[in-house]
Amino acid sequence: MTYYSLPYSLKVWLSSVFLAPLIFIATDYCFHPKSTDLDSIIQTYFLFTIVSGVFSFVTWLIFWWAATLACYYIPDRIKRKLIICFAGIILTIINFLIVSLEDDMGISLDHTIIYIIIPYCLCIGAGSLFYNLGPNES
């Protein structure tokens with residue numbers, strides 16, 4: 001069977017880059033209502049989108065490689081999608097851990113970072129399960 005791991009991984013990655021900031025901003029606004037204007041929200045969204053796209057590019061390449069390997073070595077569709085899903089979530093968490101390294105080589109995991117990680121992991125996990133890897137996969 002032919003698999004399209006490149007467009008699949010791009011869809012999953014770009015979905016997380018564009019949707020996760022929306023989820024974070026919406027939940028942040030719901031739980032911490034602020035009197036911010038629409039211009040400020042749009043600027044925050046674009047900042048999150050650009051930063052997440054730049055910092056997760058290498059992670060996307062690794063995710064693409066993992067999806068390609070899963071397509072070749074895991075014949076069962078459900079197991080393959082679950083393994084890709086968990087690999088994407090783990091890669092996302094590792095990416096945040098690497099980016100959040102402090103100068104003294106300690107890891108800073110305060111509650112703000114965790115609130116930012118959750119939407120990205122949800123988007124990666126949901127996208128991995130939602131999008132199809134091949135033409136016959138539904």
# chains A, B, ... in the order shown; residues from 1 in each chain; ligands from 1
$ closest_atom_pairs --of "stretch 21-78 of chain A" --to "stretch 132-135 of chain A" --cutoff "10 Å" --atoms "only C-alpha atoms" --output "JSON lines"
{"residue": "A:Ala67", "atom": "CA", "partner": "A:Leu133", "partner_atom": "CA", "distance": 8.8}
{"residue": "A:Thr68", "atom": "CA", "partner": "A:Leu133", "partner_atom": "CA", "distance": 9.6}
{"residue": "A:Cys71", "atom": "CA", "partner": "A:Leu133", "partner_atom": "CA", "distance": 8.2}
{"residue": "A:Arg77", "atom": "CA", "partner": "A:Leu133", "partner_atom": "CA", "distance": 9.3}
$ write_last_selection --atoms "N, CA and C atoms" --output "short mmCIF file (atom, residue, chain, number, x, y, z; two decimals), in the first residue's frame"
data_model
loop_
_atom_site.label_atom_id
_atom_site.label_comp_id
_atom_site.auth_asym_id
_atom_site.auth_seq_id
_atom_site.Cartn_x
_atom_site.Cartn_y
_atom_site.Cartn_z
N ALA A 67 6.78 8.76 11.18
CA ALA A 67 5.58 8.32 10.45
C ALA A 67 5.95 7.43 9.28
N THR A 68 7.03 7.76 8.59
CA THR A 68 7.49 6.94 7.47
C THR A 68 7.91 5.56 7.96
N CYS A 71 4.89 3.49 8.87
CA CYS A 71 4.18 2.99 7.68
C CYS A 71 4.82 1.72 7.14
N ARG A 77 -3.35 -0.89 11.00
CA ARG A 77 -3.67 0.53 10.88
C ARG A 77 -3.86 1.21 12.23
#
$ residues_around --residues "stretch 81-93 of chain A" --least-positions-apart "6" --cutoff "8 Å" --atoms "only C-alpha atoms" --output "PyMOL selection string"
chain A and resi 56+59+63+66-67+70+117+120-122+124-126+128-129
$ closest_residue --among "A:Leu69, A:Leu22, A:Leu97, A:Val51" --to "A:Ile113" --atoms "only C-alpha atoms"
A:Leu97
$ residues_around --residues "A:Ala20" --least-positions-apart "5" --cutoff "10 Å" --atoms "only C-alpha atoms" --output "list in words"
Leu14, Ser15, Ile25, Ala26, Tyr45, Phe48, Thr49, Ser52, Ile116, Ile117, Ile118, Pro119, Tyr120, Cys121, Leu122, Cys123 and Ile124 of chain A
$ atom_distance --atom1 "atom CA of A:Ser100" --atom2 "atom CA of A:Ser40"
24.3 Å
$ atom_distance --atom1 "atom CA of A:Tyr29" --atom2 "atom CA of A:Ile50"
20.3 Å
$ select_by_dssp --residues "chain A" --states "helix (DSSP H, G or I)" --output "number ranges by chain"
A: 5-31, 38-55, 57-73, 77-99, 111-130
$ decode --residues "stretch 89-102 of chain A" --atoms "C-alpha atoms" --output "CSV table (one decimal), in the first residue's frame"
chain,number,residue,atom,x,y,z
A,89,ILE,CA,3.0,13.8,21.6
A,90,ILE,CA,6.4,12.7,23.0
A,91,LEU,CA,8.3,14.7,20.4
A,92,THR,CA,6.2,17.8,21.2
A,93,ILE,CA,6.9,17.5,24.9
A,94,ILE,CA,10.6,16.9,24.3
A,95,ASN,CA,10.6,20.0,22.0
A,96,PHE,CA,9.1,22.1,24.8
A,97,LEU,CA,11.6,20.7,27.3
A,98,ILE,CA,14.5,21.6,25.1
A,99,VAL,CA,13.2,25.1,24.4
A,100,SER,CA,12.6,25.7,28.1
A,101,LEU,CA,16.1,24.8,29.2
A,102,GLU,CA,17.4,27.5,31.5
